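Engineer: This is the content of target-v4.cif (mmCIF, C-alpha atoms):
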data_work
loop_
_atom_site.label_atom_id
_atom_site.label_comp_id
_atom_site.auth_asym_id
_atom_site.auth_seq_id
_atom_site.Cartn_x
_atom_site.Cartn_y
_atom_site.Cartn_z
CA MET A 1 -18.82 17.26 7.30
CA SER A 2 -15.79 16.81 9.53
CA ALA A 3 -16.19 13.02 9.21
CA LEU A 4 -16.13 13.38 5.40
CA ILE A 5 -13.03 15.59 5.54
CA SER A 6 -11.37 13.11 7.88
CA ALA A 7 -12.25 10.22 5.53
CA LEU A 8 -10.89 12.14 2.51
CA ARG A 9 -7.73 12.98 4.43
CA GLN A 10 -7.26 9.32 5.32
CA PHE A 11 -7.83 8.34 1.68
CA ALA A 12 -5.26 10.88 0.49
CA GLY A 13 -2.93 9.50 3.16
CA LEU A 14 -2.91 6.17 1.29
CA PHE A 15 -0.82 7.86 -1.39
CA VAL A 16 0.89 10.79 0.32
CA GLU A 17 2.63 10.45 3.66
CA ASP A 18 5.70 12.54 3.02
CA GLY A 19 4.90 15.59 0.86
CA TRP A 20 8.52 15.90 -0.30
CA LEU A 21 8.55 12.33 -1.62
CA ALA A 22 5.20 12.71 -3.41
CA LEU A 23 6.22 16.03 -5.03
CA ALA A 24 9.57 14.62 -6.14
CA ILE A 25 7.88 11.55 -7.69
CA LEU A 26 5.39 13.76 -9.54
CA GLY A 27 8.25 15.99 -10.73
CA ILE A 28 10.14 12.97 -12.15
CA VAL A 29 6.95 11.68 -13.82
CA ALA A 30 6.29 15.13 -15.36
CA LEU A 31 9.88 15.38 -16.62
CA ALA A 32 9.75 11.91 -18.19
CA GLY A 33 6.32 12.71 -19.67
CA VAL A 34 7.51 15.96 -21.28
CA LEU A 35 10.53 14.20 -22.77
CA ALA A 36 8.47 11.25 -24.06
CA LEU A 37 5.87 13.53 -25.64
CA LEU A 38 8.23 16.13 -27.14
CA MET A 39 10.84 13.65 -28.34
CA PRO A 40 9.16 10.30 -29.01
CA ARG A 41 12.37 8.96 -30.55
CA LEU A 42 14.04 9.40 -27.14
CA SER A 43 11.28 7.58 -25.31
CA LEU A 44 13.73 5.09 -23.77
CA ALA A 45 15.67 8.03 -22.30
CA ALA A 46 12.37 9.19 -20.76
CA GLY A 47 11.95 5.69 -19.35
CA ALA A 48 15.45 5.80 -17.86
CA ILE A 49 14.72 9.20 -16.27
CA LEU A 50 11.52 7.77 -14.81
CA LEU A 51 13.13 4.60 -13.40
CA PHE A 52 16.42 5.99 -12.14
CA GLY A 53 14.81 9.27 -11.03
CA CYS A 54 12.39 7.36 -8.80
CA LEU A 55 15.20 5.23 -7.37
CA GLY A 56 17.27 8.34 -6.68
CA VAL A 57 14.34 10.11 -5.03
CA LEU A 58 13.72 7.06 -2.82
CA VAL A 59 17.34 6.88 -1.63
CA ALA A 60 17.54 10.65 -1.01
CA ASN A 61 14.23 10.70 0.86
CA VAL A 62 15.11 7.76 3.11
CA MET A 63 18.54 9.24 3.96
CA ARG A 64 16.93 12.60 4.73
CA ALA A 65 14.21 11.02 6.90
CA ALA A 66 16.84 8.99 8.79
CA ARG A 67 18.97 12.10 9.40
CA ASP A 68 15.91 14.07 10.61
CA GLU A 69 14.96 11.23 12.99
CA ARG A 70 18.49 11.18 14.42
CA VAL A 71 18.49 14.97 14.94
CA ARG A 72 15.27 14.56 16.97
CA MET B 1 5.48 -17.60 -25.70
CA GLY B 2 2.21 -15.66 -25.36
CA LEU B 3 1.23 -17.67 -22.31
CA MET B 4 4.67 -17.13 -20.78
CA MET B 5 4.45 -13.38 -21.44
CA THR B 6 1.03 -13.30 -19.79
CA TRP B 7 2.38 -15.12 -16.74
CA THR B 8 5.26 -12.66 -16.40
CA VAL B 9 2.62 -10.01 -15.63
CA ALA B 10 -0.04 -12.26 -14.09
CA ALA B 11 2.22 -13.89 -11.49
CA PRO B 12 3.56 -10.58 -10.05
CA ALA B 13 0.03 -9.10 -10.21
CA ILE B 14 -1.52 -12.02 -8.30
CA SER B 15 1.30 -12.19 -5.75
CA ALA B 16 1.25 -8.40 -5.23
CA ALA B 17 -2.52 -8.55 -4.64
CA PHE B 18 -2.16 -11.58 -2.33
CA LEU B 19 0.72 -10.22 -0.24
CA SER B 20 -0.62 -6.67 0.11
CA SER B 21 -4.09 -8.03 1.02
CA LEU B 22 -2.42 -10.22 3.63
CA VAL B 23 -0.92 -7.09 5.26
CA GLU B 24 -4.18 -5.13 5.12
CA ALA B 25 -6.28 -8.07 6.33
CA VAL B 26 -3.97 -8.61 9.33
CA GLU B 27 -4.34 -4.91 10.27
CA ALA B 28 -8.14 -5.01 9.88
CA LEU B 29 -8.40 -8.26 11.84
CA THR B 30 -6.58 -6.71 14.83
CA ILE B 31 -9.21 -3.96 15.19
CA VAL B 32 -12.20 -6.26 14.54
CA LEU B 33 -10.85 -8.71 17.16
CA ALA B 34 -10.40 -5.86 19.66
CA VAL B 35 -13.99 -4.71 19.08
CA GLY B 36 -15.30 -8.27 19.32
CA THR B 37 -13.38 -9.01 22.51
CA VAL B 38 -14.43 -5.82 24.34
CA ARG B 39 -18.00 -5.36 23.05
CA GLY B 40 -19.00 -8.74 21.69
CA TRP B 41 -19.12 -10.15 18.17
CA ARG B 42 -22.45 -8.56 17.17
CA PRO B 43 -21.24 -4.95 16.73
CA ALA B 44 -17.87 -6.19 15.42
CA GLY B 45 -19.58 -8.41 12.85
CA LEU B 46 -22.21 -5.80 11.88
CA GLY B 47 -19.54 -3.14 11.34
CA ALA B 48 -17.40 -5.54 9.30
CA VAL B 49 -20.34 -6.67 7.13
CA ALA B 50 -21.44 -3.05 6.54
CA GLY B 51 -17.85 -2.18 5.58
CA LEU B 52 -17.66 -5.11 3.14
CA ALA B 53 -21.03 -4.07 1.64
CA LEU B 54 -19.76 -0.51 1.06
CA LEU B 55 -16.59 -1.89 -0.56
CA ALA B 56 -18.66 -4.13 -2.84
CA LEU B 57 -20.74 -1.08 -3.87
CA ILE B 58 -17.57 0.90 -4.63
CA VAL B 59 -16.23 -1.98 -6.77
CA LEU B 60 -19.55 -2.33 -8.61
CA ALA B 61 -19.67 1.42 -9.27
CA LEU B 62 -16.03 1.71 -10.35
CA GLY B 63 -15.82 -1.44 -12.51
CA PRO B 64 -17.92 -0.25 -15.49
CA LEU B 65 -16.32 3.23 -15.33
CA LEU B 66 -12.85 1.77 -15.89
CA ASP B 67 -13.90 0.33 -19.26
CA ARG B 68 -14.74 3.84 -20.49
CA VAL B 69 -11.34 5.36 -19.75
CA PRO B 70 -8.86 5.26 -22.68
CA LEU B 71 -6.22 2.60 -21.95
CA ASN B 72 -3.13 4.84 -22.03
CA LEU B 73 -4.82 7.37 -19.72
CA LEU B 74 -5.83 4.55 -17.36
CA GLN B 75 -2.28 3.16 -17.36
CA LEU B 76 -0.86 6.62 -16.65
CA ALA B 77 -3.29 7.44 -13.82
CA ILE B 78 -2.99 4.02 -12.21
CA GLY B 79 0.79 4.05 -12.69
CA VAL B 80 1.15 7.39 -10.87
CA LEU B 81 -1.07 6.22 -7.99
CA LEU B 82 0.80 2.89 -7.80
CA LEU B 83 4.13 4.66 -7.71
CA LEU B 84 2.98 7.03 -4.93
CA PHE B 85 1.45 4.14 -2.98
CA GLY B 86 4.28 1.65 -3.56
CA MET B 87 7.11 4.08 -2.80
CA ARG B 88 5.30 5.22 0.35
CA TRP B 89 5.23 1.59 1.57
CA LEU B 90 8.80 0.98 0.45
CA ARG B 91 10.14 4.12 2.17
CA LYS B 92 8.49 3.13 5.44
CA ALA B 93 9.64 -0.49 5.16
CA ILE B 94 13.25 0.65 4.55
CA LEU B 95 13.13 3.03 7.54
CA ARG B 96 11.74 0.21 9.71
CA ALA B 97 14.26 -2.35 8.41
CA ALA B 98 17.06 0.14 9.17
CA GLY B 99 15.74 0.62 12.71
CA VAL B 100 15.03 4.34 12.19
CA ILE B 101 11.35 3.95 13.08
CA PRO B 102 9.83 1.13 15.16
CA LEU B 103 8.29 -1.95 13.54
CA HIS B 104 4.50 -2.13 13.33
CA ASP B 105 3.36 -4.15 16.34
CA GLU B 106 -0.06 -5.81 16.01
CA ALA B 107 -0.09 -6.79 19.70
CA LYS B 108 0.48 -3.15 20.67
CA VAL B 109 -2.22 -1.91 18.25
CA TYR B 110 -4.61 -4.50 19.72
CA ALA B 111 -3.81 -3.41 23.29
CA THR B 112 -4.27 0.29 22.43
CA GLU B 113 -7.58 -0.29 20.62
CA THR B 114 -8.87 -2.48 23.47
CA ALA B 115 -7.92 0.17 26.04
CA GLN B 116 -9.66 2.90 24.01
CA LEU B 117 -12.83 0.83 23.70
CA ARG B 118 -12.83 0.14 27.47
CA GLU B 119 -12.37 3.86 28.13
CA GLN B 120 -15.32 4.65 25.85
CA GLU B 121 -17.29 2.00 27.72
CA ASN B 122 -17.08 4.07 30.88
CA LEU B 123 -17.96 7.34 29.12
CA HIS B 124 -20.77 6.41 26.70
CA LYS B 125 -22.40 3.18 27.85
CA ALA B 126 -25.55 3.65 25.73
CA ARG B 127 -23.80 4.55 22.48
CA LEU B 128 -21.02 2.05 22.76
CA ASP B 129 -22.39 -0.62 20.42
CA TRP B 130 -22.60 2.01 17.69
CA LEU B 131 -19.09 3.26 18.41
CA ALA B 132 -17.75 -0.29 18.42
CA ALA B 133 -19.52 -1.15 15.15
CA LEU B 134 -18.21 2.12 13.68
CA ALA B 135 -14.62 1.22 14.64
CA SER B 136 -15.02 -2.16 12.94
CA PHE B 137 -16.70 -0.56 9.88
CA LYS B 138 -14.04 2.13 9.53
CA THR B 139 -11.12 -0.27 9.65
CA ILE B 140 -12.70 -2.64 7.10
CA VAL B 141 -13.43 0.27 4.72
CA LEU B 142 -9.99 1.88 5.03
CA GLU B 143 -7.94 -1.31 4.81
CA GLY B 144 -10.35 -2.71 2.19
CA LEU B 145 -10.00 0.41 0.03
CA GLU B 146 -6.27 -0.24 -0.13
CA VAL B 147 -6.97 -3.83 -1.23
CA VAL B 148 -9.49 -2.66 -3.86
CA PHE B 149 -7.05 -0.05 -5.16
CA ILE B 150 -4.19 -2.56 -5.43
CA VAL B 151 -6.39 -5.14 -7.20
CA ILE B 152 -7.58 -2.53 -9.72
CA ALA B 153 -4.11 -1.03 -10.11
CA VAL B 154 -2.19 -4.23 -10.76
CA GLY B 155 -5.00 -5.83 -12.77
CA ALA B 156 -6.65 -3.13 -14.87
CA GLY B 157 -3.84 -2.46 -17.34
CA ARG B 158 -3.81 -6.04 -18.71
CA GLY B 159 -7.31 -7.32 -17.93
CA LEU B 160 -6.08 -9.16 -14.83
CA ILE B 161 -8.62 -7.85 -12.32
CA GLY B 162 -10.15 -11.35 -11.98
CA PRO B 163 -6.91 -13.18 -11.09
CA ALA B 164 -5.77 -10.28 -8.85
CA SER B 165 -9.14 -10.40 -7.02
CA VAL B 166 -8.69 -14.14 -6.46
CA GLY B 167 -5.28 -13.44 -4.88
CA ALA B 168 -6.77 -10.73 -2.64
CA ILE B 169 -9.80 -12.78 -1.60
CA ALA B 170 -7.58 -15.81 -0.84
CA ALA B 171 -5.44 -13.66 1.47
CA CYS B 172 -8.50 -12.21 3.27
CA ILE B 173 -10.05 -15.67 3.78
CA LEU B 174 -6.73 -17.04 5.02
CA VAL B 175 -6.26 -14.23 7.56
CA ALA B 176 -9.91 -14.30 8.70
CA GLY B 177 -9.77 -18.10 9.10
CA VAL B 178 -6.53 -18.15 11.07
CA GLY B 179 -7.49 -15.06 13.10
CA PHE B 180 -10.83 -16.41 14.20
CA ALA B 181 -9.33 -19.84 14.92
CA VAL B 182 -6.65 -18.46 17.23
CA HIS B 183 -8.71 -15.46 18.48
CA ARG B 184 -5.58 -13.33 18.70
CA PRO B 185 -4.00 -10.67 16.51
CA LEU B 186 -1.55 -12.21 14.05
CA ALA B 187 1.49 -10.50 15.54
CA ARG B 188 3.96 -13.03 14.13
CA VAL B 189 3.21 -12.26 10.49
CA PRO B 190 6.44 -10.64 9.16
CA GLU B 191 4.59 -7.48 8.19
CA ASN B 192 7.60 -5.34 7.38
CA THR B 193 9.07 -7.99 5.07
CA LEU B 194 5.72 -8.25 3.30
CA LYS B 195 5.48 -4.45 3.01
CA PHE B 196 9.02 -4.34 1.67
CA VAL B 197 8.24 -6.93 -1.03
CA VAL B 198 4.88 -5.36 -1.93
CA GLY B 199 6.40 -1.86 -2.02
CA VAL B 200 9.03 -3.15 -4.47
CA MET B 201 6.42 -4.84 -6.68
CA LEU B 202 3.97 -1.91 -6.72
CA SER B 203 6.74 0.59 -7.49
CA ALA B 204 7.90 -1.62 -10.39
CA PHE B 205 4.34 -1.87 -11.71
CA GLY B 206 3.96 1.91 -11.31
CA VAL B 207 7.06 2.71 -13.39
CA PHE B 208 5.98 0.17 -16.02
CA TRP B 209 2.40 1.49 -16.38
CA ILE B 210 3.50 5.14 -16.47
CA GLY B 211 5.95 4.26 -19.24
CA GLU B 212 3.22 2.41 -21.15
CA GLY B 213 0.94 5.44 -20.70
CA PHE B 214 3.64 7.68 -22.20
CA GLY B 215 4.11 5.25 -25.13
CA ILE B 216 7.56 4.05 -24.05
CA ASP B 217 8.53 0.71 -25.64
CA TRP B 218 10.16 -1.05 -22.71
CA PRO B 219 12.90 -3.51 -23.74
CA GLY B 220 11.61 -7.05 -23.17
CA GLU B 221 8.04 -5.70 -22.89
CA ASP B 222 6.28 -7.30 -19.88
CA ILE B 223 9.50 -8.90 -18.61
CA ALA B 224 10.72 -5.36 -17.86
CA ILE B 225 8.47 -5.42 -14.75
CA ILE B 226 10.61 -8.20 -13.25
CA ALA B 227 13.80 -6.29 -14.06
CA PHE B 228 12.36 -3.11 -12.47
CA ALA B 229 11.33 -5.07 -9.36
CA ALA B 230 14.84 -6.55 -9.07
CA LEU B 231 16.38 -3.08 -9.37
CA PHE B 232 14.01 -1.57 -6.77
CA LEU B 233 14.78 -4.51 -4.44
CA VAL B 234 18.56 -4.13 -4.75
CA VAL B 235 18.40 -0.35 -4.23
CA ALA B 236 15.97 -0.66 -1.30
CA LEU B 237 18.08 -3.34 0.45
CA GLY B 238 21.23 -1.28 -0.16
CA THR B 239 19.58 1.88 1.19
CA ALA B 240 18.39 0.03 4.32
CA ALA B 241 21.92 -1.33 4.93
CA LEU B 242 23.50 2.09 4.32
CA THR B 243 21.00 3.86 6.60
CA ARG B 244 21.62 1.29 9.35
CA ARG B 245 25.41 1.72 9.04
CA VAL B 246 25.26 5.53 9.04
CA GLY B 247 23.00 5.36 12.10
CA ARG B 248 25.44 3.08 13.94
CA GLU B 249 28.40 5.34 13.09
CA ALA B 250 26.48 8.38 14.32
CA LEU B 251 25.89 6.65 17.66
CA GLN B 252 29.59 5.76 18.16
#
Please go through the file and, once you have read it, give me the structure as structure tokens.
Structural biologist:
Amino acid sequence: MSALISALRQFAGLFVEDGWLALAILGIVALAGVLALLMPRLSLAAGAILLFGCLGVLVANVMRAARDERVR
Amino acid sequence: MGLMMTWTVAAPAISAAFLSSLVEAVEALTIVLAVGTVRGWRPAGLGAVAGLALLALIVLALGPLLDRVPLNLLQLAIGVLLLLFGMRWLRKAILRAAGVIPLHDEAKVYATETAQLREQENLHKARLDWLAALASFKTIVLEGLEVVFIVIAVGAGRGLIGPASVGAIAACILVAGVGFAVHRPLARVPENTLKFVVGVMLSAFGVFWIGEGFGIDWPGEDIAIIAFAALFLVVALGTAALTRRVGREALQ
């Protein structure tokens, strides 16, 4: 059982290493999805939120991780 | 035009599968070599073959299931997983390129794994072949799962699983051939550069597939993937440079 849990944890680790980054990505995807579904005529705006949101999240997460590493 | 449009997706898909499989195969080879060197090639080979057999079973089981999932749902699910996976690689590659965290060192991984196996040798002499085969099996399954996921993820949305698999298999054969010829971990492969490039490509694919899943009409259609990749690359390089500079200023 513990081997299975360990294997599942390692599998989940393929996608999630930093919980903050994963949650932020999912938040951006959800926001873009809501906009695309509720306002199909603004689907390009949803695309822009998705693309630039992910880029913003990446920059913010890296800067935060670098600052945390320096504090340590 | 149609052929060109297909190649704008096929070429990034094949190169993403090839480059990411190169990274995973190098990591798997290091552990299999350590097992083979300490305990002999029988347990190392048995573990690796068992791992490959399990991966083949997973592919055979998953393949027919994918055809039953509606395309936009498949694009959305795969896009989200690609984005999580790609941005995880990209984040780590940026932090390594900026010198915040150390580079992955295959020689060090090899030395650690060899030391652990030698330690186990003293503790569990009788069970060691099993433990050694298990180490080889585990690394092939875990690294192989990443390869399988990437092949499915970059190939499934446009029926490119075949070409993506060829890219992945070519990388694995190349690494296995070179690794077994030199009998040493491939420490000189520029792993972080590869991870950086693959992270950029997978993130671009992820954004594209999610958009397709939501019904977004991307300008330029498939060519948008290349534009997204270029944008991710510029932002990632800029972030690495900025992080490095801020780190240097903090030290002064």
Engineer: In Å, with one decimal, what is the gap from atom CA of Ser15 of chain B to atom CA of Thr193 of chain B?
Structural biologist: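 Atom CA of Thr193 of chain B lies at a distance of 14.0 Å from atom CA of Ser15 of chain B.
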Engineer: What residues come out when you apply the PyMOL selection byres ((chain A and resi 43) around 9) to this file, written as a list in words?
Structural biologist: Ala32, Leu35, Ala36, Leu37, Met39, Pro40, Arg41, Leu42, Leu44, Ala45, Ala46, Gly47 and Ala48 of chain A; Gly211, Phe214, Gly215, Ile216 and Asp217 of chain B
Engineer: Kindly export the residues of the current selection with C-alpha atoms, as a CSV table (one decimal), in the coordinates of the input.
Structural biologist:
chain,number,residue,atom,x,y,z
A,32,ALA,CA,9.8,11.9,-18.2
A,35,LEU,CA,10.5,14.2,-22.8
A,36,ALA,CA,8.5,11.2,-24.1
A,37,LEU,CA,5.9,13.5,-25.6
A,39,MET,CA,10.8,13.6,-28.3
A,40,PRO,CA,9.2,10.3,-29.0
A,41,ARG,CA,12.4,9.0,-30.6
A,42,LEU,CA,14.0,9.4,-27.1
A,44,LEU,CA,13.7,5.1,-23.8
A,45,ALA,CA,15.7,8.0,-22.3
A,46,ALA,CA,12.4,9.2,-20.8
A,47,GLY,CA,12.0,5.7,-19.4
A,48,ALA,CA,15.4,5.8,-17.9
B,211,GLY,CA,6.0,4.3,-19.2
B,214,PHE,CA,3.6,7.7,-22.2
B,215,GLY,CA,4.1,5.2,-25.1
B,216,ILE,CA,7.6,4.0,-24.0
B,217,ASP,CA,8.5,0.7,-25.6
Engineer: Any chance you could resolve the PyMOL selection byres ((chain A) within 8 of (chain B)) against this file and give the residues as number ranges by chain?
Structural biologist: A: 10-11, 14-18, 22, 25-26, 29, 33, 36-37, 43-44, 46-47, 50-51, 55, 58-59, 61-63, 66, 69-70
Engineer: Just to confirm, what's the straight-line distance from atom CA of Val32 of chain B to atom CA of Ile161 of chain B in Å (one decimal)?
Structural biologist: 27.1 Å
Engineer: Can you work out the spacing between atom CA of Ala97 of chain B and atom CA of Val154 of chain B in Å, to one decimal?
Structural biologist: 25.3 Å
Engineer: Step by step, gather every atom of segment 44-49 of chain B that the file lists, find the box along x, y and z that holds them, add 6 Å on each side, and finally give centre and edge lengths in Å to one decimal, as JSON.
Structural biologist:
{"center_x": -19.8, "center_y": -5.8, "center_z": 11.3, "size_x": 16.8, "size_y": 17.3, "size_z": 20.3}
Engineer: Expand the PyMOL selection byres ((chain B and resi 168) around 12) into the individual residues it matches in the shown file, reporting them as a PDB file with C-alpha atoms, in the coordinates of the input.
Structural biologist:
ATOM      1  CA  ALA B  13       0.030  -9.100 -10.210  1.00  0.00           C
ATOM      2  CA  ILE B  14      -1.520 -12.020  -8.300  1.00  0.00           C
ATOM      3  CA  SER B  15       1.300 -12.190  -5.750  1.00  0.00           C
ATOM      4  CA  ALA B  16       1.250  -8.400  -5.230  1.00  0.00           C
ATOM      5  CA  ALA B  17      -2.520  -8.550  -4.640  1.00  0.00           C
ATOM      6  CA  PHE B  18      -2.160 -11.580  -2.330  1.00  0.00           C
ATOM      7  CA  LEU B  19       0.720 -10.220  -0.240  1.00  0.00           C
ATOM      8  CA  SER B  20      -0.620  -6.670   0.110  1.00  0.00           C
ATOM      9  CA  SER B  21      -4.090  -8.030   1.020  1.00  0.00           C
ATOM     10  CA  LEU B  22      -2.420 -10.220   3.630  1.00  0.00           C
ATOM     11  CA  VAL B  23      -0.920  -7.090   5.260  1.00  0.00           C
ATOM     12  CA  GLU B  24      -4.180  -5.130   5.120  1.00  0.00           C
ATOM     13  CA  ALA B  25      -6.280  -8.070   6.330  1.00  0.00           C
ATOM     14  CA  GLY B 144     -10.350  -2.710   2.190  1.00  0.00           C
ATOM     15  CA  LEU B 145     -10.000   0.410   0.030  1.00  0.00           C
ATOM     16  CA  GLU B 146      -6.270  -0.240  -0.130  1.00  0.00           C
ATOM     17  CA  VAL B 147      -6.970  -3.830  -1.230  1.00  0.00           C
ATOM     18  CA  VAL B 148      -9.490  -2.660  -3.860  1.00  0.00           C
ATOM     19  CA  PHE B 149      -7.050  -0.050  -5.160  1.00  0.00           C
ATOM     20  CA  ILE B 150      -4.190  -2.560  -5.430  1.00  0.00           C
ATOM     21  CA  VAL B 151      -6.390  -5.140  -7.200  1.00  0.00           C
ATOM     22  CA  ILE B 152      -7.580  -2.530  -9.720  1.00  0.00           C
ATOM     23  CA  VAL B 154      -2.190  -4.230 -10.760  1.00  0.00           C
ATOM     24  CA  GLY B 155      -5.000  -5.830 -12.770  1.00  0.00           C
ATOM     25  CA  ILE B 161      -8.620  -7.850 -12.320  1.00  0.00           C
ATOM     26  CA  GLY B 162     -10.150 -11.350 -11.980  1.00  0.00           C
ATOM     27  CA  PRO B 163      -6.910 -13.180 -11.090  1.00  0.00           C
ATOM     28  CA  ALA B 164      -5.770 -10.280  -8.850  1.00  0.00           C
ATOM     29  CA  SER B 165      -9.140 -10.400  -7.020  1.00  0.00           C
ATOM     30  CA  VAL B 166      -8.690 -14.140  -6.460  1.00  0.00           C
ATOM     31  CA  GLY B 167      -5.280 -13.440  -4.880  1.00  0.00           C
ATOM     32  CA  ILE B 169      -9.800 -12.780  -1.600  1.00  0.00           C
ATOM     33  CA  ALA B 170      -7.580 -15.810  -0.840  1.00  0.00           C
ATOM     34  CA  ALA B 171      -5.440 -13.660   1.470  1.00  0.00           C
ATOM     35  CA  CYS B 172      -8.500 -12.210   3.270  1.00  0.00           C
ATOM     36  CA  ILE B 173     -10.050 -15.670   3.780  1.00  0.00           C
ATOM     37  CA  LEU B 174      -6.730 -17.040   5.020  1.00  0.00           C
ATOM     38  CA  VAL B 175      -6.260 -14.230   7.560  1.00  0.00           C
TER      39      VAL B 175
END
Engineer: Between B:Ile140, B:Asp129, B:Gly220, B:Ala56, which residue has the minimum interatomic distance to Gly40 of chain B, considering all atoms listed in the file?
Structural biologist: B:Asp129
Engineer: Which residue is closest to Ser136 of chain B? Choose from B:Val178, B:Leu65, B:Ala156, B:Leu117 and count only C-alpha atoms.
Structural biologist: B:Leu117
Engineer: Return the single residue from B:Pro12, B:Leu46, B:Gln120, B:Ala153 that is closest to Leu66 of chain B, with distances computed using only C-alpha atoms.
Structural biologist: B:Ala153
Engineer: Could I see segment 108-123 of chain B restored to N, CA and C atoms, set down as a short mmCIF file (atom, residue, chain, number, x, y, z; two decimals), in the coordinates of the input?
Structural biologist:
data_model
loop_
_atom_site.label_atom_id
_atom_site.label_comp_id
_atom_site.auth_asym_id
_atom_site.auth_seq_id
_atom_site.Cartn_x
_atom_site.Cartn_y
_atom_site.Cartn_z
N LYS B 108 0.58 -4.48 20.06
CA LYS B 108 0.48 -3.15 20.67
C LYS B 108 -0.78 -2.42 20.16
N VAL B 109 -1.03 -2.53 18.84
CA VAL B 109 -2.22 -1.91 18.25
C VAL B 109 -3.47 -2.49 18.91
N TYR B 110 -3.47 -3.81 19.10
CA TYR B 110 -4.61 -4.50 19.72
C TYR B 110 -4.82 -3.99 21.15
N ALA B 111 -3.72 -3.87 21.90
CA ALA B 111 -3.81 -3.41 23.29
C ALA B 111 -4.33 -1.97 23.34
N THR B 112 -3.84 -1.11 22.45
CA THR B 112 -4.27 0.29 22.43
C THR B 112 -5.75 0.39 22.09
N GLU B 113 -6.17 -0.35 21.06
CA GLU B 113 -7.58 -0.29 20.62
C GLU B 113 -8.49 -0.82 21.73
N THR B 114 -8.08 -1.91 22.38
CA THR B 114 -8.87 -2.48 23.47
C THR B 114 -9.00 -1.48 24.62
N ALA B 115 -7.89 -0.81 24.95
CA ALA B 115 -7.92 0.17 26.04
C ALA B 115 -8.84 1.33 25.70
N GLN B 116 -8.79 1.79 24.44
CA GLN B 116 -9.66 2.90 24.01
C GLN B 116 -11.12 2.51 24.10
N LEU B 117 -11.42 1.29 23.66
CA LEU B 117 -12.83 0.83 23.70
C LEU B 117 -13.31 0.71 25.15
N ARG B 118 -12.44 0.26 26.05
CA ARG B 118 -12.83 0.14 27.47
C ARG B 118 -13.05 1.51 28.08
N GLU B 119 -12.22 2.49 27.65
CA GLU B 119 -12.37 3.86 28.13
C GLU B 119 -13.70 4.44 27.67
N GLN B 120 -14.03 4.18 26.39
CA GLN B 120 -15.32 4.65 25.85
C GLN B 120 -16.47 3.98 26.58
N GLU B 121 -16.25 2.75 27.01
CA GLU B 121 -17.29 2.00 27.72
C GLU B 121 -17.73 2.75 28.97
N ASN B 122 -16.75 3.34 29.66
CA ASN B 122 -17.08 4.07 30.88
C ASN B 122 -17.76 5.40 30.58
N LEU B 123 -17.43 6.00 29.44
CA LEU B 123 -17.96 7.34 29.12
C LEU B 123 -19.34 7.29 28.46
#
